[in-house]
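The structure appears right after this line, and notes come after that.
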Amino acid sequence: MKFNKLSIGISLSFALVLSSCEKVIDVEPEFAIEGTQLFKNLDEYQYALTGAYALFRQTGYYGSGGQTTGSWSTLPDMMSDNLVQTGEDLANWQAQTNFVYAADDSDIEIAWQAAYYVINQANVVLNNIDQFAEIDAERVNEIKGQALAIRGMAHFDVLRYWGEDFDRNSSKLGIPYRTTPDPEAMPSRLTVKETYDNILKDLQDAETLLDGISLNSANNRAYIDQLAVQALLARVSLYAKDYAAAESYSTMVIDARPLVSINAFPGIWTDATAEEVIWAVSFSAGEGTPSGGVHVASSNRNRFRPAAPLVAAYDQVNDVRFPAYIGLRQSGNVSPPRTIYPGLPEVIGTNGSPITRTIVSKFIGRNGALDNVVNWKVLRTGEMYLIRAEASAQAGKEAMGLADLNALRAARINNYTNVTLSGQDLLNAIALERRKELFGEGHRWFDLKRTTRTLTRPDVVLGSTVLTLDPTAREWVWPIPQVEIDANASMASQQTTGY
Amino acid sequence: MIKVFNRIIKFLCINIVRLILPDIILFTNTNKQKLMQRKLLIVLVLWIITVGSTIAQSQTITGKVTTTDDGSGLPGVSVVERGTNNGTSTGVDGSYSLTLSGTNAALVFSFIGMTTQEIPVGNRTTLNVTLGADARQLSEVVVTGYTTQNSREVTGSVAIVNAETISQYPVGSFDQALQGKSPGILVQAQSGQPGAAANVLIRGRGSILGGSQPLYILDGIEITATDFSTLNPADFDSFNILKDASSTSLYGSRGANGVVVITSKKGLAGTTRLNYTGQYGFSFTPTNPLRVMNSNEKLDYELMNGNPYEWTDEDVARLRTINTDWADVFFQTGHTQNHTLSASGGANKTTYYLSGSVFDQTGTVINTGLKRYTGRANVETSAGNFNFGINSTFGYSEFTNTSESNTGISTPLNAVRWANPYETPYDEEGNYTAIYSGQPNPLQELLENTNVRQQLKGVGNVFVAYTVPFLKGLTLRTNWGGDFTSYESTAFVDPTTASGGSSVGGSGSFGRGFERNFRYTGTTSASYTREIGTEHTLTIGLFNEVVHGKRRNFGFTGYGLGGAFQNEAGITPGTTTNGFIPAVRGGGSENALLSYFTNINYGFRERYFLSLSARRDGSSRFGADRRFANFGSVGLSWIVSDEGFMEGLDNIFDLLKFKISYGSSGNQALVSQDAGQNDIFTSLDFASRELYTRGVYNGVSGLIQTQLANPELQWERRTIFNTGIELATLNGRLRSTVEFYNALTTDLFLNRQLSRTSGYSDIISNIGELQNRGVELSLDGDLVKTPAFTWNATFSLTHNKNKIKKLVGGEDNIQGIYINRVGETMNSLYVVRYAGVNPDNGNPQYLTKEGEITEVYDPSDRVIVGSIETPFFGGFGSSLNFKGFEVSAFFSFVKGNKIFNNDRANIEDPAYLWDNLSAELLTQWQNPGDVTQIPNPNATFRTETTRFVEDGDFLRLRNVNVSYTLPKSWTGAIKLNTVRVFAQGQNLKTWTDFRGYDPEIAEGTLQGAQYPALRTVTFGLNIGL
C-alpha cells in the first residue's frame, strides 16, 4: 500500500536525519567544572585547597551575613559579657545572645553545616592525593599538611560549641569526625576523648608534613604553616587541660614569632603589620566581613558595643590595646539631642550636635577605610603567652605563669611595672588579661565554658537581654540541629543533654 | 480607498490627540514622553496605511450574509473559497465581496455558533446567504500549536479563554488577567508592581522541587513565563489551556504542568480592518486591615515599656504633635494608559495582521512603573503547494522597581509599616531627616536611589508548509522560532542614602547588568490526513523537535559615587587604598531538549474519536544514561447525543459528549528559591553533575565543590487520568462541562536529606509521589437571548486535593515552617500551636502535641495546621447586553489555603520597640488577670506558631466593565465598523479576613514589604473600521 511505504520512508528519513541531532543535548557547563574532569594533577588539588581556605569566609564560619553572624569570629563575644546588644541591632541574633535556642535554631544549623562544609572540602583535597606522592612528594606534603590542619582545626571549632566537656579523656558526647568526602555517610557523635584523638592526630600529622615548608611571607600570613599548626595544638591542649603539651607547643610558637613591639601593635588591626600574626584568614573587598555583626562601619550601625566593666578594666591611658580596640563614633545628626543608646560614655552635645557612642573599633577597616574588611586573625602570639601563662599556673609553675603575664602586659602597656600574684588571684588575672587581650576575637564564650564560670552581664541595654547564665545550664553546649537528627539516624539518640 | 484612509487618519489622529492632550496639560513634566508616544502612534498609522494600500483590491462576487433570526446583516462571517486560502469576512452590514481565484468555485460561509454553509457560485456575481444558529455545534476551534481541531473531536481537557475579553484588563502581564476565567487554573497575583507576572498553577502543584509553572507557547514557540510584560495581550487571538495528558501530549517534555497555547491574531482576506483601542485610568492602594500605631499610641507604648529612647517629658510633648502616616508618604494614585492600533486584512493568497501599542502604568508606590512599546507583524502567504508565514513581535519595556517581599530595613514598603509616626521624612528645611532608630530614611532611599530595568523582547517564528501534490492529505511542515530577551538593569545608589553609606567604600554605587536569553524551538513534521470511505477519518503526524536555551550575563558595580554623574562617569577608580575596587561579574548556562513524537487521531462516523500519542524525549539536564524517557497518551471521546438511541432526547441534549484520557508527560525543569544567580542556573542546568566553581582566597583562584554528583537524576513524570462530560441543552443556551482528573507525579524531584556533616543539606533525587485529584465544573448560560437583550452568566469551580503519596524513606521533609509528609498536602504548615496568653503571668502558651497547654515552646510539639496549597477556587460573572449597552462583572475566589503572615510577626515583635508596631500591641498583658492575645513583652517571642497563620480565603470583584457600542446605523454613516466606549474597574473590592494588604500570596508566606495588587479604574474607546 502506498501509504505504508510512504510512512516507512518518511520514518526512515526522519530517523537518519535526526539521529545526528542527539548531540544537541550534549551541553557542557562553562562557568563550572565537572568533578570527573578534575584531580588529574597536583595543580587541581592546589585549587581545591585554595577553595577550602576560601570557605572559612562563609557566612556562619568567620563571615558575617545579614542575619547570621560569624559563629567563630564575633559571636562568642556577643554571647558573653564582652559585648552589649543595642537597639541598633534590630533584635538580630537574639536567639543566640539570649540563649533561647532550641534544636531548630537556624543559625546553629548554619554554623554546624558551615564547619562541615570546610571539612568536606578538606577531605576532597585529601582524596587520593597520595597517588602523586611518588611524583612530587614535597608538594603532596605541603597540600596534604594544610588540608589535615584545616580538617583538625574545623573539627575542633565544632567541638568548642557542641562538645559536652573539654577534658581530654572525657567520655561525654563529642562530635562526629569526618575523614572522607562521602555524602551518604551517617556518622554518630564520638566521645570527647575520641574526638580529641582524631583532632590531635590530624594536627600532629600536619605538623610533621609541613616541616620545613615555607608558606607565608613576613607581610602575609594567610596559610596554615607548621607554626600555625603548633599554635593550634597549643590551643587544643589548653582546652584539653594537657598543660604540658600546651606549654610546650606555645613555647615553640613564642620562640619563633615574638610579640610585636608596643608601637607597632595597633598596626595589626589595620593589616599594616603581620608581626605576631600566626595565621589570619584573608578578607578582601567583596568577600564579606567577619565583624559586620558588631559595628557596621560603613552604615555606622553600632549593633553591639563594648561592655562597661570591660572598658573600665583597661588602663585607658597606657594600654595600647584600648585605643586599638575601643573607640568613640558619632551617630548621624539627630534633633533633639538625646541618649540614643543608654550606657557609657554617651556624649550628648548641645542642641543639634551629634551623639557619640562607644564602638568596637578593632575591625573597622584598613587604611582608614570604613568597611570592616580586615583579615581575621585566628592565631596570634599574644594568645600563646596567655596559653602558656594559664597552663603553667594550672600546672603549678606559677612563677613561669606570672612571668608570661607580666611579659605580655609589658608589651601592651606603657610604663608597666611587674606585679606579683599567685594561686587563684593569678588565674583570675590571666583570665582577665585573656579577656582584654583577645576582646572581640571569638574566645570569651568558650573561655567561660572551659573554665565553668558563671556568665553575668551587669551592663545591658535591652530589656530582653539575659543577665546571667549558670555554669550548669544546658545552653553552654549547643544542641545538634534537628535537621541533622532527622536526616541521620546514627545521631537520633545523641542529642545534646538537656535538649 | 484613499478617501476612506484619509478619513481614518484624520479620525484617529484627532482622537489620539484628544486622549493624549489632557495628559500633556496635567503632567507637563512628562510631556516629552507623551509627545514621543504620539509620534510613535502617528508613525504606526502611516506604516499600516502604507502596507494596507499596497494590497490590490478588485471585485467579482458580492453578497450579503444575514441571520435567520431577524434578517439583520451578520458581520464578521468568514467567507472562503473552498479548497483555498482565499477568503474574506463580512462587513458591518453583513456584506462581502471576494475575487475568486478559480473556476467552479464554491464559497464556504462560517461563523461561530452558526451552521456552516457551502454554496457553489456557478455563474452568479451576487450571492446572498442566511445563516442559522447551530445549537449542536459548539464549534470552538481548539488550537494546540501543532494541530487545530474542532472542540467536538477533542478527547482531552482543553479550556478556551477568549483573548478579547481579557485583552483590555489594565495589567502589564497578561497572565494576571486569566484569574478565575477557566476551571483548573489558579492564578495568583503575588505582586501589584506594574508588570509583575502572576503565579499560575494548572490542576494543582504537581512538583515540589521542579517547576510547577505551565508551559507557554506563542505561535508554536516556547516563551518564558516571567517576562510577559513586554508582550501586548491585544495581539492575542485565543488562549487554549491544555490540562490533561492527551491534550498536552505534543508537549510531553515540558507539558507536565499544563500548557497555555496562545495564538496571535491573523489577517483575513478582504477589506482592510483598522482597529484602535485606547484607555486611560487610575490605580489606588487598598487599605491594610492591620493598623500600626499612631504617634500617641506609639509614645505611650514606649513609655509603658521602658522608654527605650529615654524621651524627656518635653520630647514626648513635642513628638505627640507630629503624626506622619507613612502610607501617605509612599503611596500615590497610579496612572495607566494603553493604546493599541492594529490593521489586518489581505487579498488572494496573502493575509496580514499588524499592530503597535503603547502601555504606560505608574504604580501606587512612588517611583514605580512600567512603560511598554510593542509592534507585531504576522504575514501568511501561499504559492503553489507551499505555504509560508511569519509571526513576529518586538517589544521594549522599562520597569522602575522597588524591592518587595523581604524584611530589609531599607525597603520602602517595609518602612510604611515600621517607620515611627512621630518622625517625618523631611525636616523643617526640607532636608531628609535621620531616623532616630538609626534606620535608613525610607523616602530618601526610594527617591534618591534608582533601579531601572529595560527589557527588549522579540518572539517570532517562520514556517514553511508543503502540501505534497502526489499524495492527497500529506503535508510537510517545518516551524522555527525563537524567544529572545535581553535585560539591561541599572542601579544607582546615592552616596547620601543609608544604602549608599553601606556600599563598599561607603560612598554609593553604580551598577549595570546585562542579560541575554535566547531559546529557539524547531519543529519539523509530516502529517497525513485521510478519509477512508465515508465513516473513517485518520490523521497521523510524525514530529521532531529541538529546544535549546542559552543565557549569558555580565555586569559590574562601581563605587565611590558622589561627583556630578549618576552613571559610569561617577565611579571612582579603585585603588588598593581607597576601598572602591569595583565588582565585576558574569556567567551563563545552557540546556537543550530533543524530542521525537507521533500523534494519531482517528474518527469514526464523526461520533467516536480516538487519539493516541507516543514520544521519546531527551534532556541535557540528567545523568548520561538517564537523559531519555518515553511518554504517551490515549484518549477517547464519544458524542452520545448523536447516537440513534438518543433520537427522542434531541430536544433535551443539543450535545452530550463523554471523554476519557490517560497518559504521561515529563518535567525536567528544576527551580530554585534563589533563582537569579549564575551559579544557580548552572547547578539547575547541570543538576546531575558534580560541580566545582571558582573560589578566591588571598587573591588566588581556586575551586570549591558546590554540587554533589547525582548520576541517577532523571525525568519527573506526571501521569494524568481525565474524564468528563460536556453538555449543551436548552437549544444550546446552557453549556456545561464537568471533569474529574487524577494526576500522579512519580519520580518526584525531592531533596533527599543528607547528614549535614557532609557539608550539604540535601541532594535532589527522584523519590516520591505526589497526587493531585480534582473536579472541575464550568457552567455558561444565556439566561436571556433576544436580538435586543442578552443576559449571560458563567461560573467555574475547581476542587483540587493535593496529597503526598511517597517520600524518601517515608520520612518527613521539614523546611522551616513547612512539612511534606506522606498522606498530607504538600507544603503543609508545621508549627507549634499558639494557645493565647496565660492571664496569670502574661507568658505565651502553646499546645503540646497531645493538646495540653504549656508555656514551654518545644519544636517537637509542632503539628500540621493546614497547607498553603489552595483546594477550592473559581470565578463567576455575568454580562448584560441591551441595544449596545453592556455591563459585565467578574468575581474570582479562593478558599481553604493558609498564609503565614510574617509581615504581621514583624510588627508584633516587642523587641522591635525602636520601630513602629501593630496597634494591637497596646492590648498586651500587663497585670495578672489580663485576658489578651498579646503576651507580656519580656516573654520570648516566637514567630513560628499558629499565632501568625491565617486563612487565605478571599472573594474579589476582579473586573467590572460597562460599555456602549454605538448603533451600526450611526457608525455606518461615518463609515466606521464599530465604535465602543467603555469603563472598567479592576480589583475594586476584596472580601477577606487576611490581615495584610492583599491575600493573593502564591508562595504561602508573606515575608513583608507587600506591593498589593492594583485597584484600577480605566476609561476607554474602541474604534474599528
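Note on naming: chains are A, B, ... as they come in the C-alpha cells, residues start from 1 per chain, ligands start from 1 in the order shown.
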So that I can check the surroundings of Phe304 of chain A, please list as a PDB file with N, CA and C atoms, in the first residue's frame every protein, DNA and RNA residue that reaches within 6 Å of it, counting only C-alpha atoms and ignoring chain neighbours fewer than 5 positions away.
ATOM      1  N   LEU A  83      30.328  41.998  75.066  1.00  0.00           N
ATOM      2  CA  LEU A  83      29.611  42.912  74.194  1.00  0.00           C
ATOM      3  C   LEU A  83      28.173  43.059  74.673  1.00  0.00           C
ATOM      4  N   VAL A  84      27.616  44.226  74.391  1.00  0.00           N
ATOM      5  CA  VAL A  84      26.251  44.527  74.811  1.00  0.00           C
ATOM      6  C   VAL A  84      25.436  44.837  73.559  1.00  0.00           C
ATOM      7  N   GLN A  85      24.336  44.138  73.406  1.00  0.00           N
ATOM      8  CA  GLN A  85      23.484  44.371  72.247  1.00  0.00           C
ATOM      9  C   GLN A  85      22.725  45.683  72.420  1.00  0.00           C
ATOM     10  N   THR A  86      22.687  46.466  71.339  1.00  0.00           N
ATOM     11  CA  THR A  86      21.978  47.747  71.389  1.00  0.00           C
ATOM     12  C   THR A  86      20.730  47.679  70.517  1.00  0.00           C
ATOM     13  N   VAL A 294      29.030  43.314  64.675  1.00  0.00           N
ATOM     14  CA  VAL A 294      29.308  44.087  65.891  1.00  0.00           C
ATOM     15  C   VAL A 294      29.124  45.576  65.622  1.00  0.00           C
TER      16      VAL A 294
END
So which residues of segment 598-803 of chain B fall under strand (DSSP E or B) by DSSP, listed as a ChimeraX atom specification?
/B:598-604,608-619,628-639,653-667,670,691-697,700-707,716-729,734-746,749-753,762-766,769-785,789-803
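Picture a line from atom CA of Thr36 of chain A to atom CA of Leu691 of chain B; it runs 8.8 Å.
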Can you tell me, as a PDB file with C-alpha atoms, in the first residue's frame, what residues are no more than 10 Å from Leu456 of chain B when counting only C-alpha atoms, ignoring any on the same chain fewer than 4 positions away?
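Output file out.pdb follows:
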ATOM      1  CA  THR B 230       6.791  43.046  27.141  1.00  0.00           C
ATOM      2  CA  ARG B 372       5.963  49.308  27.162  1.00  0.00           C
ATOM      3  CA  TYR B 373       6.092  49.711  23.406  1.00  0.00           C
ATOM      4  CA  THR B 374       5.323  46.778  21.149  1.00  0.00           C
ATOM      5  CA  PHE B 394       9.072  43.038  19.178  1.00  0.00           C
ATOM      6  CA  GLY B 395       8.774  44.911  22.421  1.00  0.00           C
ATOM      7  CA  TYR B 396      10.649  47.238  24.648  1.00  0.00           C
ATOM      8  CA  SER B 397       9.752  47.922  28.217  1.00  0.00           C
ATOM      9  CA  GLU B 398      11.152  49.856  31.070  1.00  0.00           C
ATOM     10  CA  PHE B 484      14.870  36.449  22.639  1.00  0.00           C
ATOM     11  CA  THR B 485      15.005  38.570  25.741  1.00  0.00           C
ATOM     12  CA  SER B 486      17.631  40.934  26.895  1.00  0.00           C
ATOM     13  CA  TYR B 487      17.677  42.972  30.045  1.00  0.00           C
ATOM     14  CA  GLU B 488      19.716  45.892  30.971  1.00  0.00           C
ATOM     15  CA  ARG B 516      20.654  37.904  27.240  1.00  0.00           C
TER      16      ARG B 516
END
Close residues, Glu423 of chain B itself excluded, 9 Å, only C-alpha atoms, min 2 positions apart in chain, as a PyMOL selection string:
chain B and resi 295+319+322-324+419-421+425-426+433+435-436
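Residue-level contact on chain A: within 6 Å of chain B, counting only C-alpha atoms, the set is Ile25, Ala32, Ile33, Glu34, Gly35, Tyr47, Ala48, Thr50, Gly51, Ala54, Gln113, Tyr116, Tyr117, Asn120, Pro183, Ser282, Ser298, Ser299, Ile340, Ser464, Glu484, Ala487 and Asn488 of chain A.
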Writer output for current selection, N, CA and C atoms, as a PDB file, in the first residue's frame:
ATOM      1  N   ILE A  25      21.774  17.779  22.705  1.00  0.00           N
ATOM      2  CA  ILE A  25      21.638  17.828  24.169  1.00  0.00           C
ATOM      3  C   ILE A  25      22.950  17.543  24.892  1.00  0.00           C
ATOM      4  N   ALA A  32      31.458  26.378  35.396  1.00  0.00           N
ATOM      5  CA  ALA A  32      31.768  25.459  36.479  1.00  0.00           C
ATOM      6  C   ALA A  32      32.527  24.306  35.831  1.00  0.00           C
ATOM      7  N   ILE A  33      33.236  23.547  36.644  1.00  0.00           N
ATOM      8  CA  ILE A  33      33.969  22.406  36.088  1.00  0.00           C
ATOM      9  C   ILE A  33      33.396  21.137  36.696  1.00  0.00           C
ATOM     10  N   GLU A  34      33.213  20.154  35.861  1.00  0.00           N
ATOM     11  CA  GLU A  34      32.657  18.908  36.351  1.00  0.00           C
ATOM     12  C   GLU A  34      33.721  18.125  37.109  1.00  0.00           C
ATOM     13  N   GLY A  35      33.307  17.527  38.205  1.00  0.00           N
ATOM     14  CA  GLY A  35      34.237  16.822  39.072  1.00  0.00           C
ATOM     15  C   GLY A  35      35.017  15.728  38.372  1.00  0.00           C
ATOM     16  N   TYR A  47      44.136  23.937  43.705  1.00  0.00           N
ATOM     17  CA  TYR A  47      42.930  24.757  43.540  1.00  0.00           C
ATOM     18  C   TYR A  47      41.913  24.429  44.634  1.00  0.00           C
ATOM     19  N   ALA A  48      41.735  23.144  44.858  1.00  0.00           N
ATOM     20  CA  ALA A  48      40.739  22.734  45.849  1.00  0.00           C
ATOM     21  C   ALA A  48      41.152  23.175  47.253  1.00  0.00           C
ATOM     22  N   THR A  50      42.895  25.861  47.939  1.00  0.00           N
ATOM     23  CA  THR A  50      42.576  27.295  47.975  1.00  0.00           C
ATOM     24  C   THR A  50      41.082  27.468  48.267  1.00  0.00           C
ATOM     25  N   GLY A  51      40.271  26.604  47.638  1.00  0.00           N
ATOM     26  CA  GLY A  51      38.824  26.635  47.895  1.00  0.00           C
ATOM     27  C   GLY A  51      38.498  26.377  49.357  1.00  0.00           C
ATOM     28  N   ALA A  54      39.071  29.447  51.242  1.00  0.00           N
ATOM     29  CA  ALA A  54      38.026  30.437  50.925  1.00  0.00           C
ATOM     30  C   ALA A  54      36.763  30.161  51.725  1.00  0.00           C
ATOM     31  N   GLN A 113      26.667  23.273  59.673  1.00  0.00           N
ATOM     32  CA  GLN A 113      26.912  22.878  58.283  1.00  0.00           C
ATOM     33  C   GLN A 113      28.119  23.610  57.695  1.00  0.00           C
ATOM     34  N   TYR A 116      31.269  21.825  58.690  1.00  0.00           N
ATOM     35  CA  TYR A 116      31.453  20.555  57.983  1.00  0.00           C
ATOM     36  C   TYR A 116      31.641  20.757  56.474  1.00  0.00           C
ATOM     37  N   TYR A 117      31.216  21.885  55.961  1.00  0.00           N
ATOM     38  CA  TYR A 117      31.470  22.168  54.545  1.00  0.00           C
ATOM     39  C   TYR A 117      32.966  22.412  54.330  1.00  0.00           C
ATOM     40  N   ASN A 120      34.511  19.015  54.525  1.00  0.00           N
ATOM     41  CA  ASN A 120      34.301  18.243  53.298  1.00  0.00           C
ATOM     42  C   ASN A 120      35.284  18.672  52.212  1.00  0.00           C
ATOM     43  N   PRO A 183      29.053  11.771  50.852  1.00  0.00           N
ATOM     44  CA  PRO A 183      27.814  12.445  51.254  1.00  0.00           C
ATOM     45  C   PRO A 183      26.793  11.508  51.888  1.00  0.00           C
ATOM     46  N   SER A 282      42.315  35.594  55.115  1.00  0.00           N
ATOM     47  CA  SER A 282      42.383  36.780  54.264  1.00  0.00           C
ATOM     48  C   SER A 282      40.984  37.233  53.839  1.00  0.00           C
ATOM     49  N   SER A 298      30.466  50.841  57.717  1.00  0.00           N
ATOM     50  CA  SER A 298      30.023  51.589  56.543  1.00  0.00           C
ATOM     51  C   SER A 298      28.723  52.334  56.821  1.00  0.00           C
ATOM     52  N   SER A 299      27.763  51.653  57.446  1.00  0.00           N
ATOM     53  CA  SER A 299      26.494  52.342  57.678  1.00  0.00           C
ATOM     54  C   SER A 299      26.397  52.861  59.115  1.00  0.00           C
ATOM     55  N   ILE A 340      20.690  58.025  72.713  1.00  0.00           N
ATOM     56  CA  ILE A 340      20.013  57.011  71.912  1.00  0.00           C
ATOM     57  C   ILE A 340      20.163  55.661  72.570  1.00  0.00           C
ATOM     58  N   SER A 464      15.319  42.772  76.973  1.00  0.00           N
ATOM     59  CA  SER A 464      15.232  41.342  76.692  1.00  0.00           C
ATOM     60  C   SER A 464      16.546  40.606  76.943  1.00  0.00           C
ATOM     61  N   GLU A 484      19.777  17.585  61.390  1.00  0.00           N
ATOM     62  CA  GLU A 484      20.794  16.528  61.403  1.00  0.00           C
ATOM     63  C   GLU A 484      20.208  15.267  62.016  1.00  0.00           C
ATOM     64  N   ALA A 487      17.852  13.628  59.643  1.00  0.00           N
ATOM     65  CA  ALA A 487      18.435  13.000  58.460  1.00  0.00           C
ATOM     66  C   ALA A 487      19.349  11.837  58.824  1.00  0.00           C
ATOM     67  N   ASN A 488      19.896  11.873  60.022  1.00  0.00           N
ATOM     68  CA  ASN A 488      20.960  10.943  60.377  1.00  0.00           C
ATOM     69  C   ASN A 488      20.554  10.126  61.595  1.00  0.00           C
TER      70      ASN A 488
END
As a PDB file with C-alpha atoms, in the first residue's frame, please: the residues near segment 379-385 of chain B (cut-off 8 Å, only C-alpha atoms, same-chain neighbours under 2 positions excluded).
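What follows is the written file part_17.pdb:
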ATOM      1  CA  ASN B  85      -6.831  30.291   1.494  1.00  0.00           C
ATOM      2  CA  LYS B 266      -4.177  36.593  11.842  1.00  0.00           C
ATOM      3  CA  GLY B 267      -5.495  38.630   8.987  1.00  0.00           C
ATOM      4  CA  LYS B 349      -3.249  34.309  -1.019  1.00  0.00           C
ATOM      5  CA  THR B 350      -1.699  36.760   1.392  1.00  0.00           C
ATOM      6  CA  THR B 351      -3.046  37.838   4.743  1.00  0.00           C
ATOM      7  CA  TYR B 352      -1.517  40.039   7.374  1.00  0.00           C
ATOM      8  CA  TYR B 353      -2.039  41.413  10.843  1.00  0.00           C
ATOM      9  CA  ALA B 377       3.662  41.749  12.114  1.00  0.00           C
ATOM     10  CA  ASN B 387       2.556  27.921   2.429  1.00  0.00           C
ATOM     11  CA  PHE B 388       4.825  30.393   4.210  1.00  0.00           C
ATOM     12  CA  GLY B 389       4.322  32.552   7.196  1.00  0.00           C
ATOM     13  CA  ILE B 390       5.992  34.715   9.716  1.00  0.00           C
ATOM     14  CA  ASN B 391       4.726  35.810  13.086  1.00  0.00           C
ATOM     15  CA  TYR B 466       4.417  21.889   1.707  1.00  0.00           C
ATOM     16  CA  THR B 467       1.336  20.077   0.596  1.00  0.00           C
ATOM     17  CA  VAL B 468       2.645  17.057  -1.195  1.00  0.00           C
ATOM     18  CA  PRO B 469       0.957  17.044  -4.590  1.00  0.00           C
TER      19      PRO B 469
END
